[in-house]
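Chemist: Here you go, work-v4.pdb (PDB, C-alpha atoms):
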```pdb
MODEL        1
ATOM      1  CA  MET V   1      -2.872 -22.102  69.629  1.00  0.00           C
ATOM      2  CA  HIS V   2      -1.911 -20.676  66.265  1.00  0.00           C
ATOM      3  CA  ALA V   3      -3.822 -21.174  63.004  1.00  0.00           C
ATOM      4  CA  LEU V   4      -2.749 -20.375  59.469  1.00  0.00           C
ATOM      5  CA  VAL V   5      -5.480 -19.927  56.849  1.00  0.00           C
ATOM      6  CA  ILE V   6      -4.231 -20.205  53.270  1.00  0.00           C
ATOM      7  CA  TYR V   7      -6.487 -19.512  50.315  1.00  0.00           C
ATOM      8  CA  GLU V   8      -6.471 -19.157  46.543  1.00  0.00           C
ATOM      9  CA  SER V   9      -9.049 -16.794  45.055  1.00  0.00           C
ATOM     10  CA  LEU V  10      -9.719 -15.485  41.552  1.00  0.00           C
ATOM     11  CA  TRP V  11     -12.932 -13.470  42.055  1.00  0.00           C
ATOM     12  CA  GLY V  12     -12.602 -12.904  45.795  1.00  0.00           C
ATOM     13  CA  ASN V  13     -15.250 -15.401  46.924  1.00  0.00           C
ATOM     14  CA  THR V  14     -12.798 -17.921  48.386  1.00  0.00           C
ATOM     15  CA  GLU V  15     -10.962 -15.085  50.124  1.00  0.00           C
ATOM     16  CA  GLN V  16     -14.228 -13.943  51.740  1.00  0.00           C
ATOM     17  CA  VAL V  17     -14.845 -17.460  53.038  1.00  0.00           C
ATOM     18  CA  ALA V  18     -11.254 -17.721  54.300  1.00  0.00           C
ATOM     19  CA  ARG V  19     -11.596 -14.431  56.174  1.00  0.00           C
ATOM     20  CA  ALA V  20     -14.940 -15.483  57.711  1.00  0.00           C
ATOM     21  CA  ILE V  21     -13.335 -18.714  58.915  1.00  0.00           C
ATOM     22  CA  ALA V  22     -10.309 -16.821  60.254  1.00  0.00           C
ATOM     23  CA  ALA V  23     -12.490 -14.318  62.121  1.00  0.00           C
ATOM     24  CA  GLN V  24     -14.266 -17.133  63.949  1.00  0.00           C
ATOM     25  CA  LEU V  25     -11.039 -19.017  64.692  1.00  0.00           C
ATOM     26  CA  ALA V  26      -9.572 -15.776  66.075  1.00  0.00           C
ATOM     27  CA  THR V  27     -12.059 -15.920  68.951  1.00  0.00           C
ATOM     28  CA  VAL V  28     -10.017 -18.755  70.498  1.00  0.00           C
ATOM     29  CA  MET V  29      -6.578 -18.674  68.840  1.00  0.00           C
ATOM     30  CA  THR V  30      -4.077 -16.519  67.003  1.00  0.00           C
ATOM     31  CA  VAL V  31      -4.797 -16.546  63.267  1.00  0.00           C
ATOM     32  CA  GLU V  32      -2.875 -15.476  60.194  1.00  0.00           C
ATOM     33  CA  VAL V  33      -4.498 -15.313  56.736  1.00  0.00           C
ATOM     34  CA  VAL V  34      -2.290 -15.620  53.635  1.00  0.00           C
ATOM     35  CA  ASP V  35      -2.981 -16.095  49.942  1.00  0.00           C
ATOM     36  CA  SER V  36      -1.396 -19.064  48.180  1.00  0.00           C
ATOM     37  CA  GLU V  37       1.179 -16.926  46.382  1.00  0.00           C
ATOM     38  CA  ALA V  38       2.697 -15.737  49.675  1.00  0.00           C
ATOM     39  CA  ALA V  39       2.054 -18.878  51.735  1.00  0.00           C
ATOM     40  CA  PRO V  40       4.946 -20.434  53.658  1.00  0.00           C
ATOM     41  CA  THR V  41       6.028 -24.033  53.062  1.00  0.00           C
ATOM     42  CA  GLN V  42       7.108 -24.811  56.641  1.00  0.00           C
ATOM     43  CA  PHE V  43       4.855 -24.900  59.671  1.00  0.00           C
ATOM     44  CA  ASP V  44       6.827 -24.654  62.903  1.00  0.00           C
ATOM     45  CA  GLY V  45       4.565 -23.171  65.559  1.00  0.00           C
ATOM     46  CA  ILE V  46       1.351 -23.789  63.589  1.00  0.00           C
ATOM     47  CA  ASP V  47      -1.268 -25.901  65.343  1.00  0.00           C
ATOM     48  CA  LEU V  48      -3.911 -25.748  62.609  1.00  0.00           C
ATOM     49  CA  LEU V  49      -3.619 -25.242  58.870  1.00  0.00           C
ATOM     50  CA  VAL V  50      -6.818 -24.330  56.996  1.00  0.00           C
ATOM     51  CA  VAL V  51      -6.522 -24.507  53.197  1.00  0.00           C
ATOM     52  CA  GLY V  52      -9.113 -23.375  50.661  1.00  0.00           C
ATOM     53  CA  GLY V  53      -9.445 -22.811  46.954  1.00  0.00           C
ATOM     54  CA  PRO V  54     -11.945 -22.801  44.122  1.00  0.00           C
ATOM     55  CA  THR V  55     -12.973 -26.003  42.373  1.00  0.00           C
ATOM     56  CA  HIS V  56     -12.071 -25.889  38.658  1.00  0.00           C
ATOM     57  CA  ALA V  57     -12.442 -28.844  36.307  1.00  0.00           C
ATOM     58  CA  PHE V  58     -13.466 -31.140  39.208  1.00  0.00           C
ATOM     59  CA  SER V  59     -10.399 -30.420  41.408  1.00  0.00           C
ATOM     60  CA  MET V  60      -7.865 -27.782  42.437  1.00  0.00           C
ATOM     61  CA  THR V  61      -7.090 -25.127  39.843  1.00  0.00           C
ATOM     62  CA  ARG V  62      -4.230 -25.500  37.360  1.00  0.00           C
ATOM     63  CA  SER V  63      -2.438 -22.720  35.537  1.00  0.00           C
ATOM     64  CA  SER V  64      -4.549 -23.542  32.452  1.00  0.00           C
ATOM     65  CA  THR V  65      -7.887 -23.344  34.315  1.00  0.00           C
ATOM     66  CA  ARG V  66      -6.853 -20.069  35.955  1.00  0.00           C
ATOM     67  CA  ALA V  67      -5.878 -18.648  32.551  1.00  0.00           C
ATOM     68  CA  SER V  68      -9.227 -19.788  31.166  1.00  0.00           C
ATOM     69  CA  ALA V  69     -11.047 -18.107  34.051  1.00  0.00           C
ATOM     70  CA  VAL V  70      -9.364 -14.833  33.121  1.00  0.00           C
ATOM     71  CA  SER V  71      -9.814 -15.073  29.351  1.00  0.00           C
ATOM     72  CA  GLN V  72     -13.287 -16.646  29.177  1.00  0.00           C
ATOM     73  CA  HIS V  73     -14.937 -15.452  32.381  1.00  0.00           C
ATOM     74  CA  ALA V  74     -13.129 -12.168  33.148  1.00  0.00           C
ATOM     75  CA  ALA V  75     -11.668 -13.240  36.486  1.00  0.00           C
ATOM     76  CA  PRO V  76      -9.935 -10.164  37.909  1.00  0.00           C
ATOM     77  CA  LYS V  77      -6.800 -12.081  38.863  1.00  0.00           C
ATOM     78  CA  ALA V  78      -5.135 -15.442  38.410  1.00  0.00           C
ATOM     79  CA  PRO V  79      -2.505 -16.406  40.960  1.00  0.00           C
ATOM     80  CA  THR V  80       0.713 -17.785  39.512  1.00  0.00           C
ATOM     81  CA  ARG V  81       0.910 -20.197  42.469  1.00  0.00           C
ATOM     82  CA  GLY V  82      -2.414 -21.717  43.382  1.00  0.00           C
ATOM     83  CA  ILE V  83      -2.943 -24.216  46.180  1.00  0.00           C
ATOM     84  CA  ARG V  84      -2.036 -27.111  43.835  1.00  0.00           C
ATOM     85  CA  GLU V  85       1.440 -25.656  43.193  1.00  0.00           C
ATOM     86  CA  TRP V  86       1.832 -24.574  46.807  1.00  0.00           C
ATOM     87  CA  LEU V  87       1.029 -28.099  48.046  1.00  0.00           C
ATOM     88  CA  ALA V  88       3.677 -29.498  45.694  1.00  0.00           C
ATOM     89  CA  GLU V  89       6.298 -27.334  47.460  1.00  0.00           C
ATOM     90  CA  LEU V  90       5.417 -28.268  51.047  1.00  0.00           C
ATOM     91  CA  GLN V  91       7.807 -29.779  53.539  1.00  0.00           C
ATOM     92  CA  ARG V  92       6.588 -32.514  55.882  1.00  0.00           C
ATOM     93  CA  PRO V  93       4.998 -30.771  58.859  1.00  0.00           C
ATOM     94  CA  PRO V  94       6.034 -31.165  62.467  1.00  0.00           C
ATOM     95  CA  ARG V  95       4.340 -34.208  63.998  1.00  0.00           C
ATOM     96  CA  GLY V  96       0.802 -33.456  65.128  1.00  0.00           C
ATOM     97  CA  THR V  97       0.174 -30.463  62.859  1.00  0.00           C
ATOM     98  CA  ARG V  98      -3.534 -30.480  62.133  1.00  0.00           C
ATOM     99  CA  ALA V  99      -5.199 -29.450  58.870  1.00  0.00           C
ATOM    100  CA  ILE V 100      -8.618 -29.059  57.290  1.00  0.00           C
ATOM    101  CA  THR V 101      -9.742 -27.916  53.837  1.00  0.00           C
ATOM    102  CA  PHE V 102     -12.569 -26.067  52.110  1.00  0.00           C
ATOM    103  CA  ASP V 103     -13.478 -25.005  48.610  1.00  0.00           C
ATOM    104  CA  THR V 104     -15.828 -22.760  46.699  1.00  0.00           C
ATOM    105  CA  ARG V 105     -17.816 -24.078  43.758  1.00  0.00           C
ATOM    106  CA  VAL V 106     -20.667 -23.163  41.472  1.00  0.00           C
ATOM    107  CA  ASP V 107     -24.114 -23.879  42.835  1.00  0.00           C
ATOM    108  CA  ARG V 108     -25.622 -24.811  39.469  1.00  0.00           C
ATOM    109  CA  PRO V 109     -25.003 -27.067  37.762  1.00  0.00           C
ATOM    110  CA  ARG V 110     -23.972 -29.402  40.581  1.00  0.00           C
ATOM    111  CA  LEU V 111     -20.776 -30.990  39.363  1.00  0.00           C
ATOM    112  CA  PRO V 112     -18.656 -33.790  40.823  1.00  0.00           C
ATOM    113  CA  GLY V 113     -15.173 -33.273  42.169  1.00  0.00           C
ATOM    114  CA  SER V 114     -13.800 -31.026  44.886  1.00  0.00           C
ATOM    115  CA  ALA V 115     -10.700 -28.910  45.335  1.00  0.00           C
ATOM    116  CA  ALA V 116     -11.087 -29.407  49.095  1.00  0.00           C
ATOM    117  CA  ARG V 117     -11.091 -33.192  48.835  1.00  0.00           C
ATOM    118  CA  ALA V 118      -8.020 -33.186  46.571  1.00  0.00           C
ATOM    119  CA  ALA V 119      -6.170 -30.768  48.875  1.00  0.00           C
ATOM    120  CA  LYS V 120      -7.107 -32.857  51.921  1.00  0.00           C
ATOM    121  CA  GLN V 121      -5.669 -35.971  50.304  1.00  0.00           C
ATOM    122  CA  GLU V 122      -2.415 -34.141  49.501  1.00  0.00           C
ATOM    123  CA  LEU V 123      -2.106 -32.804  53.047  1.00  0.00           C
ATOM    124  CA  GLN V 124      -2.822 -36.235  54.510  1.00  0.00           C
ATOM    125  CA  SER V 125      -0.156 -37.844  52.314  1.00  0.00           C
ATOM    126  CA  LEU V 126       2.352 -35.251  53.572  1.00  0.00           C
ATOM    127  CA  GLY V 127       1.684 -36.234  57.188  1.00  0.00           C
ATOM    128  CA  PHE V 128      -0.814 -33.631  58.383  1.00  0.00           C
ATOM    129  CA  ASP V 129      -3.456 -34.814  60.858  1.00  0.00           C
ATOM    130  CA  ILE V 130      -6.795 -34.106  59.195  1.00  0.00           C
ATOM    131  CA  VAL V 131      -9.233 -32.831  61.839  1.00  0.00           C
ATOM    132  CA  GLY V 132     -12.529 -33.086  59.998  1.00  0.00           C
ATOM    133  CA  LYS V 133     -14.413 -33.424  56.760  1.00  0.00           C
ATOM    134  CA  GLN V 134     -13.738 -30.879  54.060  1.00  0.00           C
ATOM    135  CA  LYS V 135     -16.450 -28.281  53.373  1.00  0.00           C
ATOM    136  CA  SER V 136     -17.764 -26.689  50.168  1.00  0.00           C
ATOM    137  CA  PHE V 137     -19.249 -23.202  49.915  1.00  0.00           C
ATOM    138  CA  ARG V 138     -21.439 -22.277  46.947  1.00  0.00           C
ATOM    139  CA  VAL V 139     -21.280 -19.337  44.540  1.00  0.00           C
ATOM    140  CA  HIS V 140     -23.636 -18.074  41.823  1.00  0.00           C
ATOM    141  CA  GLY V 141     -21.965 -18.831  38.489  1.00  0.00           C
ATOM    142  CA  TYR V 142     -18.212 -18.708  38.062  1.00  0.00           C
ATOM    143  CA  GLU V 143     -17.699 -15.234  39.409  1.00  0.00           C
ATOM    144  CA  GLY V 144     -20.137 -15.277  42.313  1.00  0.00           C
ATOM    145  CA  PRO V 145     -21.263 -13.761  44.542  1.00  0.00           C
ATOM    146  CA  LEU V 146     -21.493 -16.317  47.303  1.00  0.00           C
ATOM    147  CA  LEU V 147     -24.970 -17.681  47.942  1.00  0.00           C
ATOM    148  CA  ASP V 148     -26.820 -15.990  50.789  1.00  0.00           C
ATOM    149  CA  GLY V 149     -25.779 -17.407  54.141  1.00  0.00           C
ATOM    150  CA  GLU V 150     -22.473 -18.948  52.995  1.00  0.00           C
ATOM    151  CA  LEU V 151     -20.327 -16.647  55.146  1.00  0.00           C
ATOM    152  CA  ASP V 152     -22.466 -17.596  58.156  1.00  0.00           C
ATOM    153  CA  ARG V 153     -21.989 -21.279  57.238  1.00  0.00           C
ATOM    154  CA  ALA V 154     -18.221 -20.645  57.083  1.00  0.00           C
ATOM    155  CA  ALA V 155     -18.240 -19.089  60.556  1.00  0.00           C
ATOM    156  CA  ASP V 156     -20.338 -21.976  61.912  1.00  0.00           C
ATOM    157  CA  TRP V 157     -17.912 -24.495  60.370  1.00  0.00           C
ATOM    158  CA  ALA V 158     -14.984 -22.662  61.975  1.00  0.00           C
ATOM    159  CA  LYS V 159     -16.811 -22.813  65.308  1.00  0.00           C
ATOM    160  CA  GLU V 160     -17.101 -26.600  64.893  1.00  0.00           C
ATOM    161  CA  ILE V 161     -13.350 -26.751  64.161  1.00  0.00           C
ATOM    162  CA  CYS V 162     -12.626 -24.726  67.319  1.00  0.00           C
ATOM    163  CA  ASN V 163     -14.798 -27.027  69.416  1.00  0.00           C
ATOM    164  CA  ALA V 164     -13.070 -30.119  67.986  1.00  0.00           C
ATOM    165  CA  MET V 165      -9.627 -28.606  68.616  1.00  0.00           C
ATOM    166  CA  GLN V 166     -10.478 -27.715  72.212  1.00  0.00           C
ATOM    167  CA  ALA V 167     -11.998 -31.133  72.881  1.00  0.00           C
ATOM    168  CA  SER V 168      -8.831 -32.876  71.649  1.00  0.00           C
ATOM    169  CA  GLN V 169      -6.528 -30.997  74.033  1.00  0.00           C
TER
ENDMDL
END
```
Give the structure from the file, written as structure tokens.
Modeler:
Amino acid sequence: MHALVIYESLWGNTEQVARAIAAQLATVMTVEVVDSEAAPTQFDGIDLLVVGGPTHAFSMTRSSTRASAVSQHAAPKAPTRGIREWLAELQRPPRGTRAITFDTRVDRPRLPGSAARAAKQELQSLGFDIVGKQKSFRVHGYEGPLLDGELDRAADWAKEICNAMQASQ
């Protein structure tokens, strides 16, 4: 099996989660990790697509929320193509291509909305088979760091994904 983990990250927290997920998936399958700016739009040979990004303004980032993160909160980088723009470019996947999503979000205050839920809905509408419920990972403030234990939670979630994938074969 081959998995592709695609992430968008401004402060590096979402990238850390993506890499923790990928490391666990790599125990049972081949895994490639790519940021949203370099992510492919076709998925031949991919059995599982894992997509993650930060939650901004109750959903996936936009160019305006990324610019605000840089100007108001000193984010070290703002991708020109986040997962929202990447999803808009996707081709329909080969039949049976599975996908699952995650996001990072501030721990306090607890706000509604989820980049992972929005991304999941987009992937589902494109024809991906969603293999589980999206997952959120918490950060301190806008810039992080991740809350203690979040990388372990990410690895545990990836283990659940692996078990579900193996059970469905």
Chemist: Using the chain letters and numbers from the file, which residues does the PyMOL selection byres ((chain V and resi 114-124) around 7) grab, as a list of chain:residue names?
Modeler: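 Applying the expression gives V:Gly52, V:Gly53, V:Pro54, V:Thr55, V:Phe58, V:Ser59, V:Met60, V:Ile100, V:Thr101, V:Phe102, V:Asp103, V:Pro112, V:Gly113, V:Ser125, V:Leu126, V:Gly127, V:Phe128, V:Asp129, V:Ile130, V:Gln134, V:Lys135.
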Chemist: For V:His73, which residue among V:Trp11, V:Pro145, V:Ser168, V:Asn163 is the nearest when counting only C-alpha atoms?
Modeler: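 Comparing V:Trp11, V:Pro145, V:Ser168, V:Asn163 against V:His73, the winner is V:Trp11.
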Chemist: Out of V:Cys162, V:Ala99, V:Val131, V:Leu111, which residue has the shortest atom-to-atom distance to V:Ile21 when counting all atoms listed in the file?
Modeler: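 Selected residue with least distance to V:Ile21: V:Cys162.
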Chemist: Counting only C-alpha atoms, which residues have an atom no more than 9 Å from (-5.0, -15.8, 53.5) in the file's coordinates? Please list them as a list in words.
Modeler: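 The requested residues, written out, are Leu4, Val5, Ile6, Tyr7, Glu8, Glu15, Ala18, Arg19, Ala22, Glu32, Val33, Val34, Asp35, Ser36, Ala38, Ala39 and Val51 of chain V.
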Chemist: Could you save the residues just selected, with C-alpha atoms, as an mmCIF file, in the frame of the given file?
Modeler:
```cif
data_model
loop_
_atom_site.group_PDB
_atom_site.id
_atom_site.type_symbol
_atom_site.label_atom_id
_atom_site.label_comp_id
_atom_site.auth_asym_id
_atom_site.auth_seq_id
_atom_site.Cartn_x
_atom_site.Cartn_y
_atom_site.Cartn_z
ATOM 1 C CA LEU V 4 -2.749 -20.375 59.469
ATOM 2 C CA VAL V 5 -5.480 -19.927 56.849
ATOM 3 C CA ILE V 6 -4.231 -20.205 53.270
ATOM 4 C CA TYR V 7 -6.487 -19.512 50.315
ATOM 5 C CA GLU V 8 -6.471 -19.157 46.543
ATOM 6 C CA GLU V 15 -10.962 -15.085 50.124
ATOM 7 C CA ALA V 18 -11.254 -17.721 54.300
ATOM 8 C CA ARG V 19 -11.596 -14.431 56.174
ATOM 9 C CA ALA V 22 -10.309 -16.821 60.254
ATOM 10 C CA GLU V 32 -2.875 -15.476 60.194
ATOM 11 C CA VAL V 33 -4.498 -15.313 56.736
ATOM 12 C CA VAL V 34 -2.290 -15.620 53.635
ATOM 13 C CA ASP V 35 -2.981 -16.095 49.942
ATOM 14 C CA SER V 36 -1.396 -19.064 48.180
ATOM 15 C CA ALA V 38 2.697 -15.737 49.675
ATOM 16 C CA ALA V 39 2.054 -18.878 51.735
ATOM 17 C CA VAL V 51 -6.522 -24.507 53.197
#
```
Chemist: Which residue out of V:Ala57, V:Val17, V:Ile161, V:Ile83 has the minimum interatomic distance to V:Arg98 when all atoms listed in the file are used?
Modeler: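 Residue with the minimum atom-to-atom distance to V:Arg98: V:Ile161.
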Chemist: So, with all atoms listed in the file as the atoms that count, which of V:Ser136, V:Ser9, V:Gln166, V:Gln16 lies closest to V:Arg66?
Modeler: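 When distances to V:Arg66 are compared using all atoms listed in the file, the smallest one comes from V:Ser9.
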Chemist: Calculated over all atoms listed in the file, which of the candidates V:Leu49, V:Ala158, V:Leu146, V:Ala67 has the smallest distance to V:Pro93?
Modeler: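 Selected residue with least distance to V:Pro93: V:Leu49.
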Chemist: Let me make sure I understand: among V:Lys77, V:Arg92, V:His56, V:His2, which one has the smallest atom-to-atom distance to V:Tyr142 if we use only C-alpha atoms?
Modeler: V:His56
Chemist: Enumerate, as a PyMOL selection string, the protein, DNA and RNA residues whose atoms approach (-21.8, -21.6, 57.1) to within 10 Å, taking into account all atoms listed in the file and the coordinate frame of the file.
Modeler: chain V and resi 17+20-21+135-137+148-159
Chemist: Leaving out V:Arg108 and any residue of its chain fewer than 3 positions from it, which residues lie within 12 Å of it when counting only C-alpha atoms, given as number ranges by chain?
Modeler: V: 105, 111-112, 138-142, 144, 147
Chemist: Could the residues in this selection be written to a file with C-alpha atoms, as a PDB file, keeping the file's coordinate frame?
Modeler:
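So part.pdb came out as:
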```
ATOM      1  CA  ARG V 105     -17.816 -24.078  43.758  1.00  0.00           C
ATOM      2  CA  LEU V 111     -20.776 -30.990  39.363  1.00  0.00           C
ATOM      3  CA  PRO V 112     -18.656 -33.790  40.823  1.00  0.00           C
ATOM      4  CA  ARG V 138     -21.439 -22.277  46.947  1.00  0.00           C
ATOM      5  CA  VAL V 139     -21.280 -19.337  44.540  1.00  0.00           C
ATOM      6  CA  HIS V 140     -23.636 -18.074  41.823  1.00  0.00           C
ATOM      7  CA  GLY V 141     -21.965 -18.831  38.489  1.00  0.00           C
ATOM      8  CA  TYR V 142     -18.212 -18.708  38.062  1.00  0.00           C
ATOM      9  CA  GLY V 144     -20.137 -15.277  42.313  1.00  0.00           C
ATOM     10  CA  LEU V 147     -24.970 -17.681  47.942  1.00  0.00           C
TER      11      LEU V 147
END
```
Chemist: Can you sort out the box for stretch 37-54 of chain V, edges along x, y and z, all listed atoms in, 4 Å on every side, with centre and edge lengths in Å to one decimal, as AutoDock Vina command-line options?
Modeler:
```
--center_x -2.4 --center_y -20.8 --center_z 54.8 --size_x 27.1 --size_y 18.2 --size_z 29.4
```
Chemist: Could you tell me how far atom CA of V:Asp107 sits from atom CA of V:Ser63, in Å to one decimal place?
Modeler: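 About the pair atom CA of V:Ser63 and atom CA of V:Asp107: they are 22.9 Å apart.
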Chemist: Atom CA of V:Ala23 to atom CA of V:Lys133: how many Å, to one decimal?
Modeler: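 Separation between atom CA of V:Ala23 and atom CA of V:Lys133: 19.9 Å.
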Chemist: Could you state the separation of atom CA of V:Gly45 and atom CA of V:Ala88 in Å, given to one decimal place?
Modeler: 20.9 Å
